[in-house]
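**Student:** This is the structure I have questions about; it appears just below.
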Protein chains: 2
Amino acid sequence: MGLVKVGVIGIGNMGSSHVQMLDQGQIKGATLTAICSSNASRTEWVKNNTQGNVQIFQDEETFFNESGIDAVLIATPHYSHPELAKKAFAKGIHVLIEKPAGVYTKDVLEMNEAAKSSGKVFGIMYNQRANPLYQKVRDLIHSGELGDIKRINWIVTDIYRPQSYYDSSKWRATWQGEGGGVLLNQALHHLDICQWTTGFLPKSIRAMCRIGKFHDIEVEDDVTAFMEYENGATGVFITSTGEAPGSNRFEVAGDRGKIIVENEELTFYRLTQSEREFNASYTGGFGLPEWQKVVIPVKSENANHSMIVQNWIDSIVTGSSLLAPGTEGIKALEISNAIYLSSWLNEIVELPIDPDLYYEKLQEKINTSTYRKKHVRNITLDVHGTH
Amino acid sequence: MGLVKVGVIGIGNMGSSHVQMLDQGQIKGATLTAICSSNASRTEWVKNNTQGNVQIFQDEETFFNESGIDAVLIATPHYSHPELAKKAFAKGIHVLIEKPAGVYTKDVLEMNEAAKSSGKVFGIMYNQRANPLYQKVRDLIHSGELGDIKRINWIVTDIYRPQSYYDSSKWRATWQGEGGGVLLNQALHHLDICQWTTGFLPKSIRAMCRIGKFHDIEVEDDVTAFMEYENGATGVFITSTGEAPGSNRFEVAGDRGKIIVENEELTFYRLTQSEREFNASYTGGFGLPEWQKVVIPVKSENANHSMIVQNWIDSIVTGSSLLAPGTEGIKALEISNAIYLSSWLNEIVELPIDPDLYYEKLQEKINTSTYRKKHVRNITLDVHGTH
């Protein structure tokens with residue numbers, strides 16, 4: 001097999017970064033052969049910033065029909081991911097979508113069906129799954145070292161955004177344009193890592209989302225969610241784009257200790273016996289099972305978009321397995337949809353949520369929106385160093 | 001004025017410790033002259049473990065009428081604190097109560113009225129207020145260095161208790177005997193420190209309490225509470241006696257940075273400008289206000305019961321102010337009552353809660369209780385090293 005011919009659709013913050021990565025030959029076995037964007041200034045940017053022979057399309061139909069690409073990287077605004085992915089699968093094209101998988105589970109379910117029928121390689125840009133830190137957390141949990149999970153807490157507030165971020169484009173942080181705020185953007189990675197490392201999807205969620213608490217936007221920028229799991233474990237997920245300097249602390253308590261990830265370091269507090277056994281047998285009134293502090297010198301690495309792209313290309317070429325299968329994109333989305341729904345209904349919601357109900361409630365948000373942006377600048381931001 | 005003649009009523013885990021502290025002359029200006037306990041083995045213990053001339057009473061009426069004490073330290077089970085305090089005030093006796101102030105706010109409000117009318121010195125054993133670590137947190141907030149508070153999170157799970165703790169006496173961890181679990185015992189200090197350092201009492205609470213999740217008890221041993229404050233700030237308070245080794249992490253985010261207290265260390269992340277000002281003026285899309293990590297080498301000190309007792313005696317002798325006025329005992333109790341009520345009603349509750357409604361709901365818990373302890377040992381535990 002020769003080089004995989006890759007196209008990129010959507011040349012915004014992320015797409016521009018992907019174009020450069022591919023054009024500079026950072027992905028083995030792949031070549032950038034086409035891009036698609038309806039924005040003339042962005043296609044101009046591609047012309048001026050690529051060395052290879054890149055075909056440029058402004059219309060998606062022509063792009064899919066005439067570019068001759070084997071694989072497409074979809075980096076358009078959130079809403080369009082499922083629709084474009086379905087078009088690609090129908091043409092027999094492999095797909096890597098930017099996160100989120102979509103805005104609501106209803107059409108993501110359809111996309112997943114189309115992916116399965118097509119037999120093509122379908123990945124999603126959950127690049128934090130390539131972070132060695134979270135891979136080690138997953139190992140500790142999946143190997144049984146942590147024991148049965150009791151509690152999961154994640155405080156994610158190190159994703160600060162000033163008002164100028166939200167003002168950078170018209171669609172950003174609107175129900176119609178983006179379908180959500182911090183949950184669907186910055187913190188979606190953490191929702192995915194939370195479910196991926198633990199293997200736990202919540203059974204129910206009670207959440208409070210605050211709309212435009214720190215910014216002039218119509219979507220949420222501050223969230224607290226309480227989660228319950230099938231085995232009785234509880235969880236709290238806290239996120240905000242309005243705190244500086246924020247925190248990023250992930251804690252998982254289990255029957256055999258606890259894991260804390262903070263400041264890009266992993267610490268495992270390991271019990272030498274099961275807490276449940278100690279609880280039942282110890283007669284001293286006050287006391288604690290013996291524990292050890294285990295510092296695990298694993299390096300945190302951010303911004304491994306290239307690892308996800310390489311992993312996807314490798315899978316296309318060799319059939320190797322994907323770190324972030326596209327069909328798993330629905331998991332974090334399901335959690336974020338449930339958080340919104342609980343907040344909108346002001347009650348506990350059970351998972352999986354009803355896809356039709358969520359879709360309907362989201363349409364209400366869009367249709368009743370009275371928010372108008374005051375200072376839109378329509379610029380492309382440099383995402384270097386962000387997730 | 002000569003030595004303040006102090007009596008101790010209730011010779012359980014805490015009372016025994018206070019008897020020794022006073023008898024060994026650790027409190028300047030005070031002398032232990034009487035104790036009261038209806039438990040013969042505990043009065044015997046006092047006889048064998050005190051050097052001074054301590055009068056022993058088994059009946060509270062005689063104790064208050066005949067002992068000639070100036071001041072009483074009340075260390076009986078929770079429910080009796082308000083009633084005994086009122087009796088003492090009626091006799092013109094100064095009072096220091098163990099925490100909690102009571103089990104429900106209805107009778108604590110009456111106790112507070114009685115204290116005010118009596119003009120006597122009324123303190124509560126919130127010994128963590130004497131911890132230099134929390135005093136410094138309070139300074140940073142009250143001086144305005146942290147700026148307007150945005151978020152308060154406390155994870156308190158370093159208060160592990162094995163089943164044998166709960167089995168140590170019949171009344172412990174029952175609605176009738178103790179009126180609650182982890183919230184009314186171990187974590188009440190943290191609820192007080194939370195409100196005392198920040199100066200914030202929640203406006204509303206949504207909480208989930210789990211009954212006997214990790215232990216064979218009829219009260220809660222695992223709690224998650226979401227709090228909202230008048231200025232829009234949010235908070236989460238998590239506590240459990242079922243995790244080992246637990247965490248104790250207190251985080252307060254404000255407009256000018258954040259405070260983190262963990263592992264008995266205080267770190268202040270200080271912004272050089274207001275985040276709200278930065279948010280409004282910065283045009284770069286991605287970016288953060290400048291911050292500094294300020295390590296504040298303040299020593300954490302636990303178990304300063306003697307400092308609270310000394311502070312109370314000093315106030316009696318010299319009129320100096322109290323670190324933990326008894327009338328402030330109601331604040332943490334109000335929060336804990338609201339957490340229970342929200343969990344029982346499964347809805348958001350506004351503060352202050354209705355004292356009569358809470359009392360009524362608590363009576364329901366007591367009257368419908370079918371729980372019977374299986375392995376009661378009726379022993380007195382050594383509280384050395386606990387809060």
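Residues in the structure tokens are named by chain (A, B, ... in the order shown) and by number from 1 within that chain; ligands are numbered from 1 in the order shown.
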Using only C-alpha atoms, select each residue of chain B with any atom at most 6 Å away from an atom of chain A, and give the selection as a VMD selection string.
**Tutor:** chain B and resid 162 to 165 279 283 285
**Student:** Using only C-alpha atoms, which of the listed residues (B:Thr198, B:Pro325, B:Ala114, B:Pro355) sits closest to Gly144 in chain B?
**Tutor:** B:Thr198
**Student:** Of the residues A:Val121, A:Ala75, A:Ala324, A:Val317, which is the one nearest to His18 in chain A, using only C-alpha atoms?
**Tutor:**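 The answer is A:Ala75, which sits nearest to His18 in chain A.
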**Student:** Hey, could you make a per-residue contact list for range 166-229 of chain A against range 76-83 of chain A with 10 Å as the cut-off, showing the nearest pair of atoms and its distance in Å to one decimal, counting only C-alpha atoms, sorted by chain and number, as a Markdown table?
**Tutor:**
| residue | atom | partner | partner_atom | distance |
| --- | --- | --- | --- | --- |
| A:Trp171 | CA | A:Pro77 | CA | 8.4 |
| A:Arg172 | CA | A:Pro77 | CA | 9.0 |
| A:Gln176 | CA | A:Tyr79 | CA | 8.8 |
| A:Gly177 | CA | A:Tyr79 | CA | 7.7 |
| A:Glu178 | CA | A:His78 | CA | 6.1 |
| A:Gly179 | CA | A:Tyr79 | CA | 7.4 |
| A:Gly180 | CA | A:His78 | CA | 9.7 |
| A:Leu184 | CA | A:His78 | CA | 8.8 |
| A:Asn185 | CA | A:His78 | CA | 9.3 |
**Student:** Select, from A:Val95, A:Val8, A:Ala30, A:Ile296, the residue with the minimum atom-to-atom distance to Phe57 in chain A, counting only C-alpha atoms.
**Tutor:**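 Looking only at the distances to Phe57 in chain A, the closest residue turns out to be A:Val8.
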**Student:** Need to verify the contact set: Leu84 in chain B, 10 Å, only C-alpha atoms, exclusion of same-chain residues closer than 4 positions in sequence. Can you return it as a ChimeraX atom specification?
**Tutor:** /B:9,60-61,64,72,74,76,79-80,88-90,95,97,111
**Student:** For Pro297 in chain A, which of A:Ile211, A:Cys194, A:Leu266, A:Leu341 is the closest residue, counting only C-alpha atoms?
**Tutor:**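 Answer, going by the shortest atom-to-atom distance: A:Leu266.
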**Student:** To test your reading of the structure, identify every residue in range 16-230 of chain B that backbone DSSP assigns to strand (DSSP E or B), and report it as a PyMOL selection string.
**Tutor:** chain B and resi 30-36+55-57+71-74+94-97+122-124+149-156+204-211+220-228
**Student:** Keeping C-alpha atoms, export the residues of the selection given above as a PDB file, in the first residue's frame.
**Tutor:**
ATOM      1  CA  ALA B  30      -8.350  26.913  86.256  1.00  0.00           C
ATOM      2  CA  THR B  31      -8.734  23.993  88.633  1.00  0.00           C
ATOM      3  CA  LEU B  32     -10.776  20.842  88.202  1.00  0.00           C
ATOM      4  CA  THR B  33     -13.085  20.602  91.197  1.00  0.00           C
ATOM      5  CA  ALA B  34     -15.951  18.334  90.117  1.00  0.00           C
ATOM      6  CA  ILE B  35     -17.058  15.814  87.549  1.00  0.00           C
ATOM      7  CA  CYS B  36     -20.400  14.246  86.779  1.00  0.00           C
ATOM      8  CA  GLN B  55     -15.806  15.897  93.772  1.00  0.00           C
ATOM      9  CA  ILE B  56     -17.694  13.175  91.993  1.00  0.00           C
ATOM     10  CA  PHE B  57     -21.367  13.396  91.111  1.00  0.00           C
ATOM     11  CA  ALA B  71     -17.598  26.949  84.882  1.00  0.00           C
ATOM     12  CA  VAL B  72     -18.586  23.681  83.238  1.00  0.00           C
ATOM     13  CA  LEU B  73     -17.195  21.747  80.330  1.00  0.00           C
ATOM     14  CA  ILE B  74     -20.015  19.738  78.765  1.00  0.00           C
ATOM     15  CA  HIS B  94     -19.850  29.714  82.409  1.00  0.00           C
ATOM     16  CA  VAL B  95     -20.099  27.017  79.721  1.00  0.00           C
ATOM     17  CA  LEU B  96     -17.812  25.328  77.226  1.00  0.00           C
ATOM     18  CA  ILE B  97     -19.637  22.712  75.144  1.00  0.00           C
ATOM     19  CA  PHE B 122     -20.028  30.580  76.393  1.00  0.00           C
ATOM     20  CA  GLY B 123     -17.566  28.716  74.200  1.00  0.00           C
ATOM     21  CA  ILE B 124     -17.620  25.692  71.894  1.00  0.00           C
ATOM     22  CA  ILE B 149     -14.721  34.127  46.332  1.00  0.00           C
ATOM     23  CA  LYS B 150     -15.763  32.076  43.297  1.00  0.00           C
ATOM     24  CA  ARG B 151     -15.624  28.515  44.494  1.00  0.00           C
ATOM     25  CA  ILE B 152     -15.063  26.498  47.670  1.00  0.00           C
ATOM     26  CA  ASN B 153     -14.261  22.765  47.568  1.00  0.00           C
ATOM     27  CA  TRP B 154     -13.421  20.556  50.471  1.00  0.00           C
ATOM     28  CA  ILE B 155     -12.719  16.838  50.164  1.00  0.00           C
ATOM     29  CA  VAL B 156     -12.551  15.410  53.688  1.00  0.00           C
ATOM     30  CA  SER B 204     -28.857  26.836  49.290  1.00  0.00           C
ATOM     31  CA  ILE B 205     -27.723  23.212  49.419  1.00  0.00           C
ATOM     32  CA  ARG B 206     -28.335  20.105  47.324  1.00  0.00           C
ATOM     33  CA  ALA B 207     -26.900  17.055  49.022  1.00  0.00           C
ATOM     34  CA  MET B 208     -26.745  13.301  48.788  1.00  0.00           C
ATOM     35  CA  CYS B 209     -26.115  11.400  52.032  1.00  0.00           C
ATOM     36  CA  ARG B 210     -25.520   7.669  51.919  1.00  0.00           C
ATOM     37  CA  ILE B 211     -26.708   5.660  54.888  1.00  0.00           C
ATOM     38  CA  GLU B 220     -24.699   8.558  56.919  1.00  0.00           C
ATOM     39  CA  ASP B 221     -21.031   7.687  56.379  1.00  0.00           C
ATOM     40  CA  ASP B 222     -20.679   9.200  52.901  1.00  0.00           C
ATOM     41  CA  VAL B 223     -21.821  12.669  51.821  1.00  0.00           C
ATOM     42  CA  THR B 224     -21.627  14.937  48.792  1.00  0.00           C
ATOM     43  CA  ALA B 225     -23.095  18.414  49.107  1.00  0.00           C
ATOM     44  CA  PHE B 226     -23.372  21.135  46.506  1.00  0.00           C
ATOM     45  CA  MET B 227     -23.637  24.637  47.910  1.00  0.00           C
ATOM     46  CA  GLU B 228     -24.491  28.017  46.454  1.00  0.00           C
TER      47      GLU B 228
END
**Student:** Determine the nearest neighbour of Ile335 in chain A from the options A:Thr105, A:Thr368, A:Asn311, A:Thr239, counting only C-alpha atoms.
**Tutor:**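 Using only C-alpha atoms, Ile335 in chain A sits closest to A:Thr105.
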**Student:** Separation of CA of Lys170 in chain B and CA of Tyr340 in chain B, in Å?
**Tutor:**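 Taking CA of Lys170 in chain B and CA of Tyr340 in chain B, their separation equals 22.0 Å.
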**Student:** Excluding Ala130 in chain A and residues on its chain fewer than 5 positions from it, collect all residues at most 12 Å away from it, counting only C-alpha atoms, and give them as a ChimeraX atom specification.
**Tutor:** /A:125,135-136,138,189,193,196-197,299-311,322-324,387
**Student:** Find the residues near Thr174 in chain B: any atom within 8 Å, counting only C-alpha atoms, skip ones fewer than 6 places away on the same chain, and give them as a PyMOL selection string.
**Tutor:** chain B and resi 180-181+217-219
**Student:** As a PyMOL selection string, please: every residue in range 83-279 of chain A that DSSP puts in alpha helix (DSSP H).
**Tutor:** chain A and resi 83-90+105-118+132-142+163-166+188-198+275-279
**Student:** Any chance you could export the current selection's C-alpha atoms as an mmCIF file, in the first residue's frame?
**Tutor:**
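Final output, selection_21.cif:
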data_model
loop_
_atom_site.group_PDB
_atom_site.id
_atom_site.type_symbol
_atom_site.label_atom_id
_atom_site.label_comp_id
_atom_site.auth_asym_id
_atom_site.auth_seq_id
_atom_site.Cartn_x
_atom_site.Cartn_y
_atom_site.Cartn_z
ATOM 1 C CA GLU A 83 -23.153 14.356 8.887
ATOM 2 C CA LEU A 84 -19.727 14.703 7.274
ATOM 3 C CA ALA A 85 -18.533 11.413 8.717
ATOM 4 C CA LYS A 86 -21.595 9.657 7.270
ATOM 5 C CA LYS A 87 -20.855 11.185 3.848
ATOM 6 C CA ALA A 88 -17.272 9.978 4.032
ATOM 7 C CA PHE A 89 -18.261 6.451 5.072
ATOM 8 C CA ALA A 90 -20.729 6.331 2.170
ATOM 9 C CA THR A 105 -26.291 11.487 20.865
ATOM 10 C CA LYS A 106 -29.176 11.064 18.428
ATOM 11 C CA ASP A 107 -27.066 11.718 15.322
ATOM 12 C CA VAL A 108 -23.890 10.270 16.820
ATOM 13 C CA LEU A 109 -25.696 6.936 17.127
ATOM 14 C CA GLU A 110 -26.466 7.140 13.409
ATOM 15 C CA MET A 111 -22.830 8.006 12.633
ATOM 16 C CA ASN A 112 -21.654 5.002 14.639
ATOM 17 C CA GLU A 113 -24.000 2.728 12.694
ATOM 18 C CA ALA A 114 -22.705 4.113 9.399
ATOM 19 C CA ALA A 115 -19.118 3.555 10.540
ATOM 20 C CA LYS A 116 -19.806 -0.073 11.408
ATOM 21 C CA SER A 117 -21.566 -0.764 8.099
ATOM 22 C CA SER A 118 -18.746 0.820 6.125
ATOM 23 C CA PRO A 132 1.246 8.269 29.470
ATOM 24 C CA LEU A 133 -0.073 9.637 32.743
ATOM 25 C CA TYR A 134 -3.653 8.615 32.035
ATOM 26 C CA GLN A 135 -2.550 5.350 30.450
ATOM 27 C CA LYS A 136 -0.881 4.455 33.753
ATOM 28 C CA VAL A 137 -3.996 5.425 35.726
ATOM 29 C CA ARG A 138 -5.991 3.115 33.473
ATOM 30 C CA ASP A 139 -3.477 0.311 34.037
ATOM 31 C CA LEU A 140 -3.665 0.669 37.828
ATOM 32 C CA ILE A 141 -7.439 0.443 37.716
ATOM 33 C CA HIS A 142 -7.882 -2.208 35.037
ATOM 34 C CA GLN A 163 -13.820 36.933 26.956
ATOM 35 C CA SER A 164 -11.700 37.474 23.813
ATOM 36 C CA TYR A 165 -11.644 33.708 23.247
ATOM 37 C CA TYR A 166 -15.425 33.621 23.085
ATOM 38 C CA LEU A 188 -14.861 16.852 27.145
ATOM 39 C CA HIS A 189 -11.374 15.341 27.166
ATOM 40 C CA HIS A 190 -11.571 14.951 30.914
ATOM 41 C CA LEU A 191 -15.014 13.363 30.739
ATOM 42 C CA ASP A 192 -13.590 10.879 28.269
ATOM 43 C CA ILE A 193 -10.458 10.177 30.315
ATOM 44 C CA CYS A 194 -12.628 9.784 33.400
ATOM 45 C CA GLN A 195 -14.747 7.058 31.799
ATOM 46 C CA TRP A 196 -11.834 5.533 29.862
ATOM 47 C CA THR A 197 -9.421 5.167 32.801
ATOM 48 C CA THR A 198 -12.063 3.878 35.215
ATOM 49 C CA GLU A 275 -10.013 -1.741 53.278
ATOM 50 C CA ARG A 276 -13.223 -3.774 53.327
ATOM 51 C CA GLU A 277 -11.388 -6.675 54.959
ATOM 52 C CA PHE A 278 -9.692 -4.364 57.464
ATOM 53 C CA ASN A 279 -13.005 -2.723 58.293
#
